[in-house]
file final_11.tsv (TSV, C-alpha atoms)
chain	number	residue	atom	x	y	z
A	1	MET	CA	63.16	101.74	-66.53
A	2	LYS	CA	61.75	99.60	-69.36
A	3	PHE	CA	64.68	100.27	-71.70
A	4	LYS	CA	67.49	100.15	-69.15
A	5	TYR	CA	69.22	97.40	-71.14
A	6	LEU	CA	69.82	99.96	-73.89
A	7	GLU	CA	71.81	102.30	-71.63
A	8	GLU	CA	75.49	102.77	-72.45
A	9	SER	CA	76.08	103.56	-68.78
A	10	THR	CA	73.63	102.87	-65.96
A	11	THR	CA	72.90	105.40	-63.24
A	12	SER	CA	74.14	102.99	-60.57
A	13	GLY	CA	77.35	102.21	-62.46
A	14	GLN	CA	76.27	98.61	-62.95
A	15	LEU	CA	77.84	96.75	-65.87
A	16	PHE	CA	75.61	94.13	-67.48
A	17	PRO	CA	76.77	90.49	-67.74
A	18	SER	CA	76.63	88.66	-71.07
A	19	ARG	CA	73.40	86.82	-70.21
A	20	PHE	CA	71.52	90.16	-70.30
A	21	ALA	CA	71.99	90.21	-74.09
A	22	TYR	CA	68.99	87.85	-74.22
A	23	LYS	CA	66.76	89.97	-71.95
A	24	TYR	CA	64.42	91.41	-74.59
A	25	LEU	CA	64.55	88.21	-76.64
A	26	GLU	CA	63.46	86.17	-73.61
A	27	ARG	CA	60.64	88.58	-72.87
A	28	GLY	CA	59.44	88.10	-76.43
A	29	MET	CA	59.60	84.33	-76.06
A	30	LYS	CA	57.55	84.54	-72.88
A	31	ILE	CA	54.94	86.63	-74.69
A	32	VAL	CA	54.45	83.95	-77.36
A	33	GLY	CA	54.37	81.12	-74.82
A	34	TRP	CA	57.73	79.48	-75.52
A	35	LEU	CA	59.36	79.81	-72.08
A	36	ARG	CA	57.18	78.09	-69.52
A	37	PRO	CA	57.49	78.84	-65.79
A	38	ALA	CA	58.52	76.19	-63.26
A	39	LYS	CA	56.07	73.30	-62.79
A	40	ASN	CA	55.34	74.36	-59.21
A	41	SER	CA	54.26	77.79	-60.43
A	42	THR	CA	50.60	78.78	-59.99
A	43	TYR	CA	50.34	79.78	-63.65
A	44	TYR	CA	52.16	76.78	-65.15
A	45	TRP	CA	49.15	75.04	-66.70
A	46	ILE	CA	47.45	78.28	-67.76
A	47	TYR	CA	50.64	79.39	-69.48
A	48	THR	CA	51.10	75.95	-71.06
A	49	ILE	CA	47.57	76.06	-72.55
A	50	TYR	CA	48.27	79.58	-73.80
A	51	GLY	CA	51.56	78.48	-75.38
A	52	VAL	CA	49.95	75.49	-77.09
A	53	THR	CA	47.20	77.76	-78.44
A	54	VAL	CA	49.72	80.21	-79.90
A	55	VAL	CA	51.79	77.42	-81.50
A	56	THR	CA	48.63	75.82	-82.93
A	57	ILE	CA	47.52	79.11	-84.50
A	58	LEU	CA	50.97	79.71	-85.98
A	59	ASN	CA	51.77	76.22	-87.23
A	60	ILE	CA	48.34	74.89	-88.17
A	61	TYR	CA	45.74	77.60	-88.69
A	62	LEU	CA	48.01	80.23	-90.28
A	63	PRO	CA	49.24	77.97	-93.13
A	64	ILE	CA	45.69	76.67	-93.69
A	65	ALA	CA	44.30	80.21	-93.75
A	66	LEU	CA	46.91	81.31	-96.27
A	67	PHE	CA	46.98	78.35	-98.64
A	68	GLY	CA	43.28	77.48	-98.19
A	69	THR	CA	42.12	80.70	-99.80
A	70	TYR	CA	44.00	79.76	-103.02
A	71	PHE	CA	41.62	76.82	-103.41
A	72	VAL	CA	38.42	78.36	-102.05
A	73	ASP	CA	38.50	81.93	-103.33
A	74	PHE	CA	41.37	82.24	-105.80
A	75	GLU	CA	39.42	84.18	-108.45
A	76	ARG	CA	39.00	87.24	-106.21
A	77	PHE	CA	42.75	87.96	-106.14
A	78	THR	CA	44.19	90.88	-108.07
A	79	PRO	CA	47.82	90.41	-109.18
A	80	SER	CA	49.09	92.68	-106.38
A	81	GLU	CA	46.97	90.93	-103.73
A	82	PHE	CA	48.10	87.52	-104.97
A	83	LEU	CA	51.81	88.41	-104.90
A	84	THR	CA	51.46	90.02	-101.46
A	85	SER	CA	49.87	86.82	-100.21
A	86	VAL	CA	52.34	84.47	-101.90
A	87	GLN	CA	55.43	86.35	-100.75
A	88	ILE	CA	54.44	85.79	-97.13
A	89	ALA	CA	53.14	82.25	-97.76
A	90	PHE	CA	56.68	80.98	-98.33
A	91	ASN	CA	57.80	82.65	-95.11
A	92	CYS	CA	54.81	81.19	-93.26
A	93	ALA	CA	55.76	77.64	-94.28
A	94	CYS	CA	59.35	78.35	-93.26
A	95	LEU	CA	58.17	79.78	-89.92
A	96	ALA	CA	56.34	76.57	-89.05
A	97	LEU	CA	59.45	74.54	-89.80
A	98	LYS	CA	61.69	76.83	-87.71
A	99	VAL	CA	59.30	76.71	-84.75
A	100	PHE	CA	59.27	72.89	-84.82
A	101	VAL	CA	63.09	72.94	-84.90
A	102	LEU	CA	63.56	75.40	-82.03
A	103	LEU	CA	60.87	74.49	-79.51
A	104	PRO	CA	62.20	70.99	-78.63
A	105	GLN	CA	65.56	72.65	-77.91
A	106	ILE	CA	64.32	75.82	-76.24
A	107	LYS	CA	66.32	74.99	-73.10
A	108	CYS	CA	69.51	75.66	-75.04
A	109	PHE	CA	69.07	79.35	-74.14
A	110	GLU	CA	69.32	78.54	-70.45
A	111	ARG	CA	72.41	76.39	-71.05
A	112	ALA	CA	73.94	79.18	-73.10
A	113	LYS	CA	73.38	81.72	-70.32
A	114	GLU	CA	74.99	79.42	-67.77
A	115	MET	CA	78.02	79.07	-70.03
A	116	LEU	CA	78.17	82.85	-70.51
A	117	ASP	CA	78.28	83.27	-66.72
A	118	VAL	CA	81.36	81.03	-66.63
A	119	ILE	CA	82.96	82.88	-69.55
A	120	ASP	CA	82.29	86.24	-67.85
A	121	LYS	CA	84.30	85.19	-64.80
A	122	ARG	CA	87.43	85.56	-66.90
A	123	CYS	CA	86.60	89.20	-67.57
A	124	VAL	CA	88.35	90.47	-64.46
A	125	ARG	CA	89.56	93.80	-65.83
A	126	HIS	CA	87.25	96.78	-65.83
A	127	GLU	CA	87.90	97.31	-69.55
A	128	ASP	CA	86.73	93.76	-70.29
A	129	ARG	CA	83.53	94.21	-68.31
A	130	VAL	CA	82.85	97.48	-70.13
A	131	GLU	CA	83.30	95.68	-73.45
A	132	VAL	CA	80.81	93.00	-72.38
A	133	HIS	CA	78.37	95.71	-71.26
A	134	ARG	CA	78.59	97.42	-74.67
A	135	CYS	CA	77.99	94.07	-76.36
A	136	VAL	CA	74.83	93.55	-74.27
A	137	VAL	CA	73.56	97.02	-75.16
A	138	LEU	CA	74.27	96.39	-78.85
A	139	CYS	CA	72.35	93.09	-78.78
A	140	ASN	CA	69.33	94.77	-77.22
A	141	TYR	CA	69.54	97.63	-79.72
A	142	VAL	CA	69.49	95.05	-82.53
A	143	PHE	CA	66.34	93.59	-81.00
A	144	MET	CA	64.65	97.01	-81.09
A	145	VAL	CA	65.69	97.57	-84.73
A	146	TYR	CA	64.22	94.20	-85.73
A	147	GLN	CA	61.09	94.99	-83.71
A	148	CYS	CA	60.58	98.29	-85.54
A	149	LEU	CA	61.08	96.74	-88.99
A	150	TYR	CA	58.82	93.73	-88.47
A	151	SER	CA	56.10	95.80	-86.79
A	152	SER	CA	56.31	98.41	-89.56
A	153	TYR	CA	55.76	95.75	-92.21
A	154	ALA	CA	52.69	94.33	-90.47
A	155	THR	CA	51.14	97.75	-89.85
A	156	LEU	CA	51.91	99.16	-93.30
A	157	THR	CA	50.49	96.10	-95.07
A	158	TYR	CA	47.37	96.19	-92.87
A	159	LEU	CA	46.62	99.89	-93.42
A	160	SER	CA	47.63	100.15	-97.10
A	161	SER	CA	45.56	97.11	-98.10
A	162	ALA	CA	42.52	98.12	-96.03
A	163	PHE	CA	42.48	101.65	-97.47
A	164	MET	CA	42.79	100.18	-100.97
A	165	GLY	CA	39.72	98.01	-100.34
A	166	SER	CA	41.26	94.56	-99.86
A	167	PRO	CA	42.40	92.42	-96.91
A	168	PRO	CA	46.16	92.51	-96.15
A	169	TRP	CA	47.14	88.90	-96.92
A	170	GLY	CA	43.94	87.23	-98.09
A	171	PHE	CA	43.47	84.74	-95.26
A	172	TYR	CA	40.61	82.28	-95.48
A	173	LEU	CA	38.08	83.58	-92.94
A	174	PRO	CA	34.93	81.43	-93.25
A	175	PHE	CA	32.69	83.68	-91.14
A	176	VAL	CA	33.68	87.06	-92.60
A	177	ASP	CA	33.39	88.18	-96.22
A	178	TYR	CA	35.21	91.49	-96.75
A	179	ARG	CA	33.13	92.16	-99.88
A	180	ASP	CA	29.95	92.68	-97.83
A	181	GLY	CA	30.84	96.32	-97.20
A	182	PRO	CA	33.37	98.68	-95.56
A	183	ARG	CA	32.61	97.37	-92.08
A	184	SER	CA	33.20	93.75	-93.11
A	185	LEU	CA	36.39	94.81	-94.89
A	186	TRP	CA	37.84	96.40	-91.75
A	187	VAL	CA	36.72	93.47	-89.59
A	188	ALA	CA	38.42	91.01	-91.96
A	189	ALA	CA	41.55	93.17	-92.24
A	190	THR	CA	41.77	93.59	-88.47
A	191	LEU	CA	41.32	89.86	-87.88
A	192	GLU	CA	44.10	89.13	-90.33
A	193	TYR	CA	46.31	91.69	-88.61
A	194	MET	CA	45.61	90.14	-85.20
A	195	ILE	CA	46.32	86.62	-86.49
A	196	SER	CA	49.45	87.50	-88.46
A	197	SER	CA	51.08	89.80	-85.89
A	198	PRO	CA	52.05	86.97	-83.49
A	199	GLY	CA	53.41	85.02	-86.46
A	200	ILE	CA	55.48	87.98	-87.64
A	201	PHE	CA	56.73	88.52	-84.08
A	202	CYS	CA	57.72	84.84	-83.79
A	203	ASP	CA	59.53	85.09	-87.11
A	204	GLN	CA	61.40	88.08	-85.71
A	205	LEU	CA	62.52	86.11	-82.65
A	206	LEU	CA	63.64	83.17	-84.78
A	207	ASP	CA	65.65	85.42	-87.09
A	208	LEU	CA	67.19	87.39	-84.24
A	209	TYR	CA	68.68	84.83	-81.85
A	210	PRO	CA	71.49	83.73	-84.25
A	211	VAL	CA	72.53	87.39	-84.63
A	212	ILE	CA	72.70	87.91	-80.86
A	213	PHE	CA	74.62	84.66	-80.49
A	214	GLY	CA	77.10	85.80	-83.14
A	215	ILE	CA	77.64	89.22	-81.55
A	216	LEU	CA	78.30	87.62	-78.15
A	217	LEU	CA	80.72	85.09	-79.64
A	218	ARG	CA	82.66	87.80	-81.47
A	219	THR	CA	82.95	89.91	-78.32
A	220	HIS	CA	84.38	87.07	-76.27
A	221	LEU	CA	86.71	86.04	-79.09
A	222	LYS	CA	88.01	89.61	-79.14
A	223	LEU	CA	88.58	89.54	-75.37
A	224	LEU	CA	90.35	86.18	-75.67
A	225	ILE	CA	92.66	87.59	-78.36
A	226	GLU	CA	93.52	90.50	-76.05
A	227	ARG	CA	94.29	88.08	-73.21
A	228	VAL	CA	96.56	86.07	-75.50
A	229	GLU	CA	98.39	89.25	-76.53
A	230	ARG	CA	99.04	90.06	-72.86
A	231	LEU	CA	100.65	86.67	-72.14
A	232	ARG	CA	104.10	87.00	-70.50
A	233	THR	CA	104.08	90.80	-70.77
A	234	ASP	CA	104.16	91.28	-66.98
A	235	ASP	CA	107.76	91.23	-65.73
A	236	GLN	CA	106.58	90.46	-62.19
A	237	GLU	CA	104.85	87.26	-63.29
A	238	SER	CA	106.49	83.91	-62.52
A	239	ALA	CA	106.84	81.06	-65.03
A	240	ASP	CA	104.13	79.07	-63.27
A	241	GLN	CA	101.76	82.04	-63.32
A	242	SER	CA	102.41	82.58	-67.04
A	243	HIS	CA	101.72	78.94	-67.76
A	244	GLU	CA	98.54	79.04	-65.70
A	245	GLU	CA	97.35	82.09	-67.64
A	246	LEU	CA	98.02	80.26	-70.92
A	247	VAL	CA	96.08	77.22	-69.70
A	248	ASN	CA	93.19	79.52	-68.76
A	249	CYS	CA	93.20	80.91	-72.31
A	250	ILE	CA	92.96	77.35	-73.65
A	251	LYS	CA	90.02	76.70	-71.33
A	252	ASP	CA	88.37	79.92	-72.51
A	253	HIS	CA	88.72	78.81	-76.12
A	254	LYS	CA	87.21	75.42	-75.29
A	255	LEU	CA	84.28	77.13	-73.54
A	256	LEU	CA	83.63	79.26	-76.61
A	257	LEU	CA	83.60	76.13	-78.79
A	258	GLU	CA	81.10	74.52	-76.39
A	259	PHE	CA	79.02	77.70	-76.49
A	260	CYS	CA	78.90	77.36	-80.30
A	261	ASP	CA	77.82	73.73	-80.04
A	262	VAL	CA	74.81	74.74	-77.91
A	263	PHE	CA	73.24	76.56	-80.87
A	264	ARG	CA	74.96	74.88	-83.81
A	265	SER	CA	72.29	72.29	-84.72
A	266	VAL	CA	69.37	74.71	-84.25
A	267	ILE	CA	70.99	77.48	-86.28
A	268	SER	CA	72.03	75.03	-88.98
A	269	ARG	CA	68.48	73.82	-89.63
A	270	CYS	CA	66.78	77.21	-89.25
A	271	ILE	CA	69.17	79.01	-91.63
A	272	PHE	CA	68.88	76.12	-94.10
A	273	ALA	CA	65.09	76.50	-94.11
A	274	GLN	CA	65.43	80.25	-94.59
A	275	PHE	CA	67.88	79.82	-97.47
A	276	LEU	CA	65.31	77.63	-99.25
A	277	VAL	CA	62.68	80.38	-99.36
A	278	ILE	CA	64.68	83.60	-99.57
A	279	GLY	CA	65.03	83.48	-103.35
A	280	LEU	CA	61.35	82.75	-103.97
A	281	GLY	CA	60.23	85.37	-101.46
A	282	LEU	CA	62.50	88.04	-102.89
A	283	GLY	CA	61.45	87.18	-106.44
A	284	MET	CA	57.74	87.52	-105.69
A	285	SER	CA	58.33	90.73	-103.73
A	286	MET	CA	60.32	92.26	-106.60
A	287	LEU	CA	57.60	91.40	-109.09
A	288	ASN	CA	55.00	92.98	-106.84
A	289	LEU	CA	57.12	96.08	-106.26
A	290	LEU	CA	58.12	96.63	-109.89
A	291	PHE	CA	54.85	95.90	-111.71
A	292	PHE	CA	51.79	96.04	-109.44
A	293	SER	CA	52.37	98.19	-106.35
A	294	ASN	CA	51.19	101.71	-105.67
A	295	LEU	CA	52.94	104.08	-103.26
A	296	TRP	CA	51.67	102.56	-100.00
A	297	THR	CA	51.68	98.90	-100.94
A	298	GLY	CA	55.10	99.49	-102.49
A	299	LEU	CA	56.35	100.90	-99.19
A	300	ALA	CA	55.09	97.81	-97.33
A	301	THR	CA	56.67	95.51	-99.93
A	302	SER	CA	59.97	97.40	-99.67
A	303	VAL	CA	60.00	96.87	-95.91
A	304	PHE	CA	59.27	93.17	-96.48
A	305	ILE	CA	62.26	92.93	-98.85
A	306	VAL	CA	64.44	94.47	-96.13
A	307	ILE	CA	63.07	91.89	-93.66
A	308	LEU	CA	63.87	89.04	-96.06
A	309	MET	CA	67.43	90.31	-96.32
A	310	ILE	CA	68.00	90.66	-92.57
A	311	GLN	CA	66.71	87.12	-91.99
A	312	THR	CA	70.01	85.74	-93.30
A	313	PHE	CA	72.42	88.55	-94.21
A	314	PRO	CA	73.47	89.73	-90.69
A	315	PHE	CA	74.31	86.25	-89.43
A	316	CYS	CA	76.10	85.32	-92.67
A	317	TYR	CA	78.17	88.49	-92.35
A	318	ILE	CA	78.90	87.76	-88.69
A	319	CYS	CA	80.06	84.24	-89.66
A	320	GLU	CA	82.59	85.83	-92.01
A	321	LEU	CA	83.80	88.07	-89.18
A	322	ILE	CA	84.03	85.11	-86.78
A	323	ASP	CA	86.23	83.27	-89.28
A	324	ASN	CA	88.45	86.36	-89.47
A	325	ASP	CA	88.56	86.56	-85.66
A	326	CYS	CA	89.68	82.92	-85.49
A	327	ASN	CA	92.56	83.73	-87.83
A	328	LYS	CA	93.46	86.71	-85.64
A	329	LEU	CA	93.49	84.44	-82.61
A	330	THR	CA	95.90	82.04	-84.30
A	331	LEU	CA	98.18	84.93	-85.27
A	332	ALA	CA	97.99	86.37	-81.76
A	333	ILE	CA	99.14	83.04	-80.32
A	334	PHE	CA	102.02	82.80	-82.80
A	335	HIS	CA	103.16	86.39	-82.24
A	336	SER	CA	102.83	86.28	-78.45
A	337	ASN	CA	105.90	86.57	-76.22
A	338	TRP	CA	107.04	82.91	-76.14
A	339	LEU	CA	110.61	82.93	-77.53
A	340	ASP	CA	112.38	82.84	-74.16
A	341	ALA	CA	109.73	80.73	-72.37
A	342	ASP	CA	110.48	77.36	-70.82
A	343	LYS	CA	109.82	74.04	-72.59
A	344	ARG	CA	106.53	73.36	-70.74
A	345	TYR	CA	105.11	76.74	-71.77
A	346	LYS	CA	106.15	76.22	-75.41
A	347	SER	CA	104.61	72.74	-75.53
A	348	THR	CA	101.33	74.07	-74.17
A	349	LEU	CA	101.44	76.95	-76.64
A	350	VAL	CA	101.92	74.56	-79.57
A	351	TYR	CA	98.90	72.58	-78.39
A	352	PHE	CA	96.84	75.79	-78.19
A	353	LEU	CA	98.02	76.83	-81.64
A	354	HIS	CA	97.01	73.46	-83.04
A	355	GLN	CA	93.54	73.71	-81.47
A	356	THR	CA	92.90	77.11	-83.07
A	357	GLN	CA	93.92	76.06	-86.58
A	358	GLN	CA	90.34	75.07	-87.39
A	359	SER	CA	88.07	78.10	-87.64
A	360	ILE	CA	84.64	78.24	-86.08
A	361	ASN	CA	82.17	77.74	-88.92
A	362	PHE	CA	78.53	76.81	-89.35
A	363	LEU	CA	76.84	74.72	-92.02
A	364	ALA	CA	73.27	75.23	-93.20
A	365	GLY	CA	71.58	71.86	-92.95
A	366	GLY	CA	75.03	70.28	-92.76
A	367	ILE	CA	75.38	70.88	-96.51
A	368	PHE	CA	76.87	74.29	-97.32
A	369	ALA	CA	78.70	76.94	-95.34
A	370	ILE	CA	76.77	79.83	-93.84
A	371	SER	CA	78.63	82.71	-95.45
A	372	MET	CA	78.12	85.81	-97.56
A	373	LYS	CA	78.86	83.83	-100.72
A	374	THR	CA	76.06	81.35	-99.96
A	375	ASN	CA	73.68	84.16	-99.02
A	376	ILE	CA	74.32	85.98	-102.31
A	377	GLU	CA	73.90	82.79	-104.32
A	378	MET	CA	70.54	82.13	-102.68
A	379	ALA	CA	69.40	85.74	-103.15
A	380	LYS	CA	70.25	85.46	-106.87
A	381	LEU	CA	67.31	83.07	-107.20
A	382	ALA	CA	65.10	86.15	-106.99
A	383	PHE	CA	66.34	87.32	-110.40
A	384	THR	CA	65.79	83.82	-111.76
A	385	VAL	CA	62.18	83.95	-110.55
A	386	VAL	CA	61.62	87.38	-112.14
A	387	THR	CA	63.20	86.27	-115.43
A	388	PHE	CA	61.16	83.06	-115.52
A	389	VAL	CA	57.89	84.90	-114.90
A	390	LYS	CA	58.64	87.44	-117.63
A	391	GLN	CA	59.76	84.83	-120.15
A	392	MET	CA	56.59	82.77	-119.60
A	393	ASN	CA	54.41	85.89	-119.98
A	394	ILE	CA	52.85	85.13	-116.62
A	395	LEU	CA	52.58	88.85	-115.82
A	396	GLU	CA	50.41	89.48	-118.86
A	397	LYS	CA	48.19	86.53	-117.97
A	398	LEU	CA	47.76	87.81	-114.42
A	399	VAL	CA	46.79	91.28	-115.67
A	400	LYS	CA	44.30	89.87	-118.20
A	401	ASN	CA	42.66	87.61	-115.63
call {"tool": "encode", "arguments": {"input": "final_11.tsv", "output": "structure tokens"}}
result
Amino acid sequence: MKFKYLEESTTSGQLFPSRFAYKYLERGMKIVGWLRPAKNSTYYWIYTIYGVTVVTILNIYLPIALFGTYFVDFERFTPSEFLTSVQIAFNCACLALKVFVLLPQIKCFERAKEMLDVIDKRCVRHEDRVEVHRCVVLCNYVFMVYQCLYSSYATLTYLSSAFMGSPPWGFYLPFVDYRDGPRSLWVAATLEYMISSPGIFCDQLLDLYPVIFGILLRTHLKLLIERVERLRTDDQESADQSHEELVNCIKDHKLLLEFCDVFRSVISRCIFAQFLVIGLGLGMSMLNLLFFSNLWTGLATSVFIVILMIQTFPFCYICELIDNDCNKLTLAIFHSNWLDADKRYKSTLVYFLHQTQQSINFLAGGIFAISMKTNIEMAKLAFTVVTFVKQMNILEKLVKN
């Protein structure tokens, strides 16, 4: 079954391991040529050429096609067409940067899956494995939600613009002039749709992997907290067994920190790049929606605004929850059953408590914390953009021209 990784309970009773949370994401990465097969594979060089072609189109041709038309054919833009083009131009530049950040470290996904396999070995209870299974299903559901939103934006922009008599994003297409007639218009619009769809899909993958990472981390933090709460609650357990279980919890915590370090640098730079453009993108989209859009182009712009928000908001919100989970872990350690434990157990517990004092946090570009506060501050730039444009009477000049 194609969507078996969305099943709450499989027909065979199989419970998915944590690594399956990346199933649909990995399939997407294979489609765009990011995950090459082994070098001894028959299709290695064919796939490598395909991957290089896709990356070249996304990182070289797509920015040239978008920004080139501003120099070659700027006078043909209507205000709505110009804002529709500009709002995605910022994202296009950000996409190129995020691709260059991720691709050299693409093997981090394989390292992360290997670490998840080790972490899963501690989930010995059936309830823990069920919790992991639900986490995997949730991650794959999130992928499908992102897929629907990003695909809807591309399709709505393509159809609404074409039916209104203009190309979707105004790419520079040297061999096709959409003004030559309806046929040329649909050829140009379809070419733009075919060129932009892989870029939009890649943007989806780049925005999604931090969210999946965050959901997995939260699930295993929750399971670790439950294991800490069960320490020394079994009357049949010896002192050595209790100490060993505590040491295992410390090892689990260390593994989760290492799991964070696998993605930390990539997420830091990608989210930083996204923060830089979210305010400008939202500002241009709001101007387009409020002053120049009709029903169908307004619907496409509204979906684009939602996409801009989910590029940063979900992971920022998850980071807040992770910080809260870290505090819960510290409290769980302190309130665990340690009062009548031996000196060795208490010493180990104090060490564990000390290690959990520092919360798991992420910095965007190593400068500011990835949090809801930062996300809101960056989104506020949209209102600054709208205010600036209105104060400078740029809207009136666009309408007159």
call {"tool": "closest_residue", "arguments": {"input": "final_11.tsv", "among": "A:Glu229, A:Asp207, A:Asp128, A:Glu114", "to": "Trp338 (chain A)", "atoms": "all atoms listed in the file"}}
result
A:Glu229
call {"tool": "residues_around", "arguments": {"input": "final_11.tsv", "residues": "region 212-218 of chain A", "least_positions_apart": "6", "cutoff": "7 Å", "atoms": "only C-alpha atoms", "output": "number ranges by chain"}}
result
A: 135, 139, 315, 318, 322
call {"tool": "closest_residue", "arguments": {"input": "final_11.tsv", "among": "A:Val72, A:Ile49, A:Cys270, A:Val211", "to": "Val99 (chain A)", "atoms": "only C-alpha atoms"}}
result
A:Cys270
call {"tool": "residues_around", "arguments": {"input": "final_11.tsv", "residues": "Val228 (chain A)", "least_positions_apart": "4", "cutoff": "12 Å", "atoms": "only C-alpha atoms", "output": "PyMOL selection string"}}
result
chain A and resi 221-224+232-233+242-243+245-250+252-253+328-338+349+352-353
call {"tool": "atom_distance", "arguments": {"input": "final_11.tsv", "atom1": "CA of Arg179 (chain A)", "atom2": "CA of Glu192 (chain A)"}}
result
14.9 Å
call {"tool": "closest_residue", "arguments": {"input": "final_11.tsv", "among": "A:Val86, A:Met309, A:Cys92, A:Val389", "to": "Ile376 (chain A)", "atoms": "all atoms listed in the file"}}
result
A:Met309
call {"tool": "atom_distance", "arguments": {"input": "final_11.tsv", "atom1": "CA of His220 (chain A)", "atom2": "CA of Arg122 (chain A)"}}
result
10.0 Å
call {"tool": "closest_residue", "arguments": {"input": "final_11.tsv", "among": "A:Ala364, A:Tyr317, A:Met286, A:Ser302", "to": "Val385 (chain A)", "atoms": "all atoms listed in the file"}}
result
A:Met286
call {"tool": "atom_distance", "arguments": {"input": "final_11.tsv", "atom1": "CA of Tyr172 (chain A)", "atom2": "CA of Glu81 (chain A)"}}
result
13.5 Å
call {"tool": "residues_around", "arguments": {"input": "final_11.tsv", "residues": "region 287-291 of chain A", "least_positions_apart": "2", "cutoff": "8 Å", "atoms": "all atoms listed in the file", "output": "list of chain:residue names"}}
result
A:Pro79, A:Ser80, A:Leu83, A:Thr84, A:Gly283, A:Met284, A:Ser285, A:Ser293, A:Gly298, A:Thr301, A:Ser302, A:Val386
call {"tool": "residues_around", "arguments": {"input": "final_11.tsv", "residues": "Met372 (chain A)", "least_positions_apart": "2", "cutoff": "6 Å", "atoms": "only C-alpha atoms", "output": "list in words"}}
result
Cys316, Tyr317, Thr374 and Asn375 of chain A
call {"tool": "residues_around", "arguments": {"input": "final_11.tsv", "residues": "Pro17 (chain A)", "least_positions_apart": "3", "cutoff": "12 Å", "atoms": "only C-alpha atoms", "output": "list of chain:residue names"}}
result
A:Tyr5, A:Gln14, A:Phe20, A:Ala21, A:Tyr22, A:Lys23, A:Lys113, A:Glu114, A:Met115, A:Leu116, A:Asp117, A:Val118, A:Ile119, A:Asp120, A:Lys121, A:Arg122, A:Cys123, A:Asp128, A:Arg129, A:Val130, A:Glu131, A:Val132, A:His133, A:Arg134, A:Cys135, A:Val136, A:Val137, A:Leu216, A:His220
call {"tool": "write_last_selection", "arguments": {"input": "final_11.tsv", "atoms": "C-alpha atoms", "output": "PDB file, in the coordinates of the input"}}
result
ATOM      1  CA  TYR A   5      69.220  97.400 -71.140  1.00  0.00           C
ATOM      2  CA  GLN A  14      76.270  98.610 -62.950  1.00  0.00           C
ATOM      3  CA  PHE A  20      71.520  90.160 -70.300  1.00  0.00           C
ATOM      4  CA  ALA A  21      71.990  90.210 -74.090  1.00  0.00           C
ATOM      5  CA  TYR A  22      68.990  87.850 -74.220  1.00  0.00           C
ATOM      6  CA  LYS A  23      66.760  89.970 -71.950  1.00  0.00           C
ATOM      7  CA  LYS A 113      73.380  81.720 -70.320  1.00  0.00           C
ATOM      8  CA  GLU A 114      74.990  79.420 -67.770  1.00  0.00           C
ATOM      9  CA  MET A 115      78.020  79.070 -70.030  1.00  0.00           C
ATOM     10  CA  LEU A 116      78.170  82.850 -70.510  1.00  0.00           C
ATOM     11  CA  ASP A 117      78.280  83.270 -66.720  1.00  0.00           C
ATOM     12  CA  VAL A 118      81.360  81.030 -66.630  1.00  0.00           C
ATOM     13  CA  ILE A 119      82.960  82.880 -69.550  1.00  0.00           C
ATOM     14  CA  ASP A 120      82.290  86.240 -67.850  1.00  0.00           C
ATOM     15  CA  LYS A 121      84.300  85.190 -64.800  1.00  0.00           C
ATOM     16  CA  ARG A 122      87.430  85.560 -66.900  1.00  0.00           C
ATOM     17  CA  CYS A 123      86.600  89.200 -67.570  1.00  0.00           C
ATOM     18  CA  ASP A 128      86.730  93.760 -70.290  1.00  0.00           C
ATOM     19  CA  ARG A 129      83.530  94.210 -68.310  1.00  0.00           C
ATOM     20  CA  VAL A 130      82.850  97.480 -70.130  1.00  0.00           C
ATOM     21  CA  GLU A 131      83.300  95.680 -73.450  1.00  0.00           C
ATOM     22  CA  VAL A 132      80.810  93.000 -72.380  1.00  0.00           C
ATOM     23  CA  HIS A 133      78.370  95.710 -71.260  1.00  0.00           C
ATOM     24  CA  ARG A 134      78.590  97.420 -74.670  1.00  0.00           C
ATOM     25  CA  CYS A 135      77.990  94.070 -76.360  1.00  0.00           C
ATOM     26  CA  VAL A 136      74.830  93.550 -74.270  1.00  0.00           C
ATOM     27  CA  VAL A 137      73.560  97.020 -75.160  1.00  0.00           C
ATOM     28  CA  LEU A 216      78.300  87.620 -78.150  1.00  0.00           C
ATOM     29  CA  HIS A 220      84.380  87.070 -76.270  1.00  0.00           C
TER      30      HIS A 220
END
call {"tool": "residues_near_point", "arguments": {"input": "final_11.tsv", "point": "(61.7, 77.2, -76.4)", "cutoff": "7 Å", "atoms": "only C-alpha atoms", "output": "VMD selection string"}}
result
chain A and resid 34 to 35 102 to 107
call {"tool": "write_last_selection", "arguments": {"input": "final_11.tsv", "atoms": "C-alpha atoms", "output": "short mmCIF file (atom, residue, chain, number, x, y, z; two decimals), keeping the file's coordinate frame"}}
result
data_model
loop_
_atom_site.label_atom_id
_atom_site.label_comp_id
_atom_site.auth_asym_id
_atom_site.auth_seq_id
_atom_site.Cartn_x
_atom_site.Cartn_y
_atom_site.Cartn_z
CA TRP A 34 57.73 79.48 -75.52
CA LEU A 35 59.36 79.81 -72.08
CA LEU A 102 63.56 75.40 -82.03
CA LEU A 103 60.87 74.49 -79.51
CA PRO A 104 62.20 70.99 -78.63
CA GLN A 105 65.56 72.65 -77.91
CA ILE A 106 64.32 75.82 -76.24
CA LYS A 107 66.32 74.99 -73.10
#
call {"tool": "closest_residue", "arguments": {"input": "final_11.tsv", "among": "A:Phe16, A:Phe82, A:Phe100, A:Tyr345", "to": "Phe171 (chain A)", "atoms": "all atoms listed in the file"}}
result
A:Phe82
call {"tool": "residues_near_point", "arguments": {"input": "final_11.tsv", "point": "(40.0, 88.9, -100.3)", "cutoff": "12 Å", "atoms": "all atoms listed in the file", "output": "VMD selection string"}}
result
chain A and resid 65 to 66 69 to 70 72 to 82 84 to 85 161 to 162 164 to 174 176 to 180 184 to 186 188 to 189 192
